[in-house]
Structure formats: C-alpha cells, structure tokens
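Report on one structure; see the data block that follows.
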Amino acid sequence: MVISLKNLIIGSFLSILILIALLGYRQNIFTSTILPYDDEQTGLDNQIVIKFSHVVAENTPKGIAAEKFKNLVETKSDGRIIVQIYPNAMLYNDHNELQALKDGEIQMIAPTFSKMTDYLPNWQVLDLPFVIENEEQLERVLTGPLSDKLLDELDSINIKGLTFWSNGFKQMASSDSPIIETEDFLDKKIRIMPSNILEEQFNLLKANPVEASFDDVFNELENQQINAQENTISNIYSKNFYEMENHITLSNHGILSYAVMMNHEFWDQLNTEDQTILLDALEEMEIWQFEQAVEINNNNLQALLREEAVSIYKLNKVSRNKWKKELFPIYDYFKKNVHPTYLDELIQEINN
Ligand code: SIN
C-alpha cells in the first residue's frame, strides 16, 4: 500500500492536534476551571474561589492585608474558600477593575475611596484636606458610623461594601524641586486619582492636576507628563517613584484608604456561614491592619531617609497654615456639591 506524502502530512498533523487536545484537557488549559485537576481530591463542588484584584505591590498595607485576609479565610473555612490574589494591576487596573467586579470576572477589589467618588459623590468627604489630623482620628473615622453609611451606599451601584482598610496619610512628592511653600505648586503637573475634590485642591494651589491610573504613574513620570503627586510613603517607596520624585514633603494633608468590596451577586449567593467567615476574618484583622499601615509607612520612610538622592522635608506649622488658607474655599466647594451633613458627621466623629 502506497501512502501519499499528502496523507502522511495530514495524518501527522491530526495526531499532533489530538495529542495537544488530550494534554490540554488533562492540564485544564481549555477549561475555565481554576482548580488543578486531582483524581483523589473530593468535595471540589463545595469549593469557593474569590479572585481578589488590586493595583499595588505586595509589600504594602493593602498587599499584606489581602494576604492576611486570604490566610484567615482559608484557615477558617478549612480550605473550602480559596482567595486568589492578583496584585500590581496584573489582572485589572484603576480603569477597569470596578467593571470587572460588576461583571463577576473577579469577586473582590479594594480601590481607594477617591476612585469611587465619581459614582458616589458623598464619598468626597474623605478626600477633604486637613480634616483628619492623626492616626487615632483616622482609625475612629474608618471604623465609625460614617464609614458604615458610606459602605452601605455601595448597594446603590450593586456592590457589597465590606470594610475600610488604611494606608495612612498622603505626602507631596516631586521631581526637579520641592513643594514646601504654596508658591511651589505653581504649574506643577500633579498626578491625581479621579476625584473632583482632589482636582479642586490642586486648582486652588495653582498647579495642573493630571488624572492617571496608578499603574501609569511611573511611565508618566519618566515621560515627564507629570512631575509631582500626592501619595503615601509606602506607595512612593514600593513603586520606586522616589527615583524620579526625589523631593518628598511630609505634609500629611490628606488620607488614603481603601474600600474593600465584593460583587453583590456573589455575596448574595454565599450561605450565612460563609458570609460570617469573611466578615469574621475582616473583623479579626481590623486593628492589625491599622497597625501594619503605620509600621510599613514608618519603615519605608526610614529606608527613604537612607537614600542619598532623596531629600525629605517636614512641613512646618507656618507653611502648613498657608496651605490650609489657600485650600479654605474647598469646603464651600464641597458643601455646594455634597450634602453638608457628611462633613458635620465627619467632624463630630473626629472630635468624639
Ligand atoms: C492604591 O494605593 O491602591 C493606589 C493609590 C493611587 O492610585 O495613588
């Protein structure tokens, strides 16, 4: 029997295809199943997978909080609930993580509250500068009734709000020259998160606010599309922003915190026992999370102080009062756009 060259090629090609398909099936390459195939493993049908996507480095207050949450949940559920963490915007970034959450592509995110203000304008209250002055006040506010009220507002956009995590206070970092006096803001191209209050803040200081996704900041600094930003020390350090923004003013002018949230449908489908496991884990790590945020920011500040190329300045009382004076109209701006009771409630909780 003579086998033509054409038949031989077709036969070999088909065999390779069958082999690839078999291997792919065995390795779960062609299925959306996240769990590895295991003949002996039982109870897979009960397994719940939570994909948790975030944009910062793993060694930051949010990064380690996500890890702690994962460990607590997996231990409390005896491995039945699995939390898969995707840091550094490896899956979704500032522009698309909320939509991915709503679409159920992922089940959990923890964006800064500032990034939610376009959808929930009342959240702008937390972006007001020079209202929260120290860690104690910050913790009180993020665990108090106002924060519960803000988290409940997430229901209106079909998201389940779980808790707030902290990353402490924002500082001013800049390239070329420091920002210490109010005049230093003039014409600086300052990266901001999407928040009208933050935009107004830098307009009042006569700078140029430029909105950018967190994962674009490094490139935009390199390309000189921006030359300054407000951020926490841990974010400035862990993303190497200080290599370009080597002037850092410790201004503590605003806070940066995270709203930990879940796809509402996913939450609703969990039984009460599993919902309790998630809530207990968050409660158990609450104080730890605040302490870690302080510690990581302090450690990273020490590391930055050791960097010869980095200059760190402390905002003195006189300069700080000048910033406050320039920014005073922002409270009127806020009251025109958001119901003033939010600011009253915030001040009341701070003074409690
Ligand atoms: C984050 O801490 O999640 C990022 C904050 C930012 O966008 O500056």
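The way I read the labels, and the way they are meant: chains A, B, ... in the order of the structure tokens, residue 1 as the first residue of every chain, and ligand 1 as the first ligand shown, with later ones counted on from there.
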### Message
Which residues are near ligand 1 in this structure, taking near to mean any atom at most 9 Å from a ligand atom and counting only C-alpha atoms and all ligand atoms? Format them as an MDAnalysis selection string.
### Response
chainID A and resid 54:57 60:62 94 110:112 114:115 167 191:194 212:215 217 229:232 234:236 256:258
### Task
Assign secondary structure with DSSP using the backbone only, and return the residues of stretch 128-263 of chain A in alpha helix (DSSP H) as a count of residues only.
38
### Who sits within 10 Å of A:Phe130, only C-alpha atoms, same chain under 5 positions skipped, as an MDAnalysis selection string
chainID A and resid 251:255 320:321 323:324 327:328
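Take the candidates A:Arg80, A:Phe169, A:Phe266, A:Val338 and check each one against A:Val131 using only C-alpha atoms; the shortest distance goes to A:Phe169.
From atom CA of A:Glu295 back to atom CA of A:Ile64, the distance works out to 12.0 Å.
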### Query
Which of these, A:Glu139, A:Glu74, A:Leu120, A:Lys51, has the shortest distance to A:Glu291 once you count only C-alpha atoms?
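Comparing A:Glu139, A:Glu74, A:Leu120, A:Lys51 against A:Glu291, the winner is A:Glu139.
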### Message
Please return, as JSON, numbers by chain, all residues of stretch 110-221 of chain A that DSSP assigns to strand (DSSP E or B) on the basis of the backbone.
### Response
{"A": [112, 159, 160, 161, 162, 163, 164, 165, 166, 167, 168, 169, 170, 171, 172, 173, 174, 189, 190, 191, 192, 208, 209, 210, 211]}
### Task
May I ask which of the residues A:Asn223, A:Ser319, A:Gln99, A:Asn46 is the closest one to A:Asn158, counting only C-alpha atoms?
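The shortest atom-to-atom distance to A:Asn158 comes from A:Gln99.
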### Message
List the spatial neighbours of A:Ile226 as a ChimeraX atom specification - criterion: any atom at most 7 Å away, only C-alpha atoms, same-chain residues fewer than 6 positions off excluded.
### Response
/A:189-191,220
Now that the selection is made, can you save its residues with N, CA and C atoms as a CSV table (one decimal), in the first residue's frame?
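The resulting file, result_14.csv, is reproduced below:
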```csv
chain,number,residue,atom,x,y,z
A,189,LYS,N,2.8,69.7,37.3
A,189,LYS,CA,1.9,68.8,36.7
A,189,LYS,C,1.7,67.6,37.7
A,190,ILE,N,0.6,67.7,38.5
A,190,ILE,CA,0.5,66.8,39.6
A,190,ILE,C,-0.5,65.7,39.3
A,191,ARG,N,-0.1,64.5,39.4
A,191,ARG,CA,-0.9,63.3,39.1
A,191,ARG,C,-2.0,63.2,40.3
A,220,GLU,N,4.5,57.9,33.3
A,220,GLU,CA,4.2,59.3,33.1
A,220,GLU,C,5.2,60.2,33.7
```
### Query
Can you list, as a list in words, every protein, DNA or RNA residue that comes within 9 Å of A:Glu135 when you count only C-alpha atoms, leaving out same-chain residues fewer than 2 positions away?
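Listing them by chain and then by number gives Ile132, Glu133, Gln137, Leu138, Glu139, Arg140, Gly168, Phe169, Phe290 and Val294 of chain A.
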### Message
Quick check, in Å to one decimal: how far apart do atom CA of A:Pro340 and atom CA of A:Val260 lie?
### Response
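Calculated distance between atom CA of A:Pro340 and atom CA of A:Val260 is 25.2 Å.
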### Query
Which is closest to A:Tyr313 among A:Lys206, A:Lys188, A:His247, A:Lys335, if we use only C-alpha atoms?
A:His247
#### Entry: Atom pair atom CA of A:Leu186 / atom CA of A:Asn208: separation (Å)
8.0 Å
### Query
Pick from A:Ile157, A:Leu250, A:Met108, A:Leu126: nearest to A:Lys317, with only C-alpha atoms counted?
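Result for the nearest residue to A:Lys317: A:Leu250.
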### Query
Skipping near chain neighbours, those fewer than 6 positions away, what residues fall within 10 Å of A:Asp280 using only C-alpha atoms, listed as a list in words?
Phe69, Leu72, Val73, Lys76, Asp274 and Glu286 of chain A
For those residues, write N, CA, C and O atoms to a file as an mmCIF file, in the first residue's frame.
```cif
data_model
loop_
_atom_site.group_PDB
_atom_site.id
_atom_site.type_symbol
_atom_site.label_atom_id
_atom_site.label_comp_id
_atom_site.auth_asym_id
_atom_site.auth_seq_id
_atom_site.Cartn_x
_atom_site.Cartn_y
_atom_site.Cartn_z
ATOM 1 N N PHE A 69 -5.973 38.419 54.888
ATOM 2 C CA PHE A 69 -7.382 38.051 54.682
ATOM 3 C C PHE A 69 -7.460 36.647 54.070
ATOM 4 O O PHE A 69 -8.220 35.789 54.531
ATOM 5 N N LEU A 72 -6.570 33.985 56.703
ATOM 6 C CA LEU A 72 -7.631 33.815 57.709
ATOM 7 C C LEU A 72 -8.825 33.057 57.127
ATOM 8 O O LEU A 72 -9.351 32.136 57.740
ATOM 9 N N VAL A 73 -9.236 33.476 55.932
ATOM 10 C CA VAL A 73 -10.424 32.862 55.318
ATOM 11 C C VAL A 73 -10.159 31.394 55.000
ATOM 12 O O VAL A 73 -10.995 30.522 55.271
ATOM 13 N N LYS A 76 -10.096 29.496 58.351
ATOM 14 C CA LYS A 76 -11.421 29.404 58.985
ATOM 15 C C LYS A 76 -12.360 28.466 58.218
ATOM 16 O O LYS A 76 -13.269 27.892 58.789
ATOM 17 N N ASP A 274 -20.704 31.081 55.315
ATOM 18 C CA ASP A 274 -19.558 31.583 54.553
ATOM 19 C C ASP A 274 -19.447 33.120 54.641
ATOM 20 O O ASP A 274 -18.356 33.673 54.735
ATOM 21 N N GLU A 286 -8.779 43.757 61.796
ATOM 22 C CA GLU A 286 -9.013 45.205 61.705
ATOM 23 C C GLU A 286 -7.910 46.040 62.393
ATOM 24 O O GLU A 286 -7.277 46.896 61.765
#
```
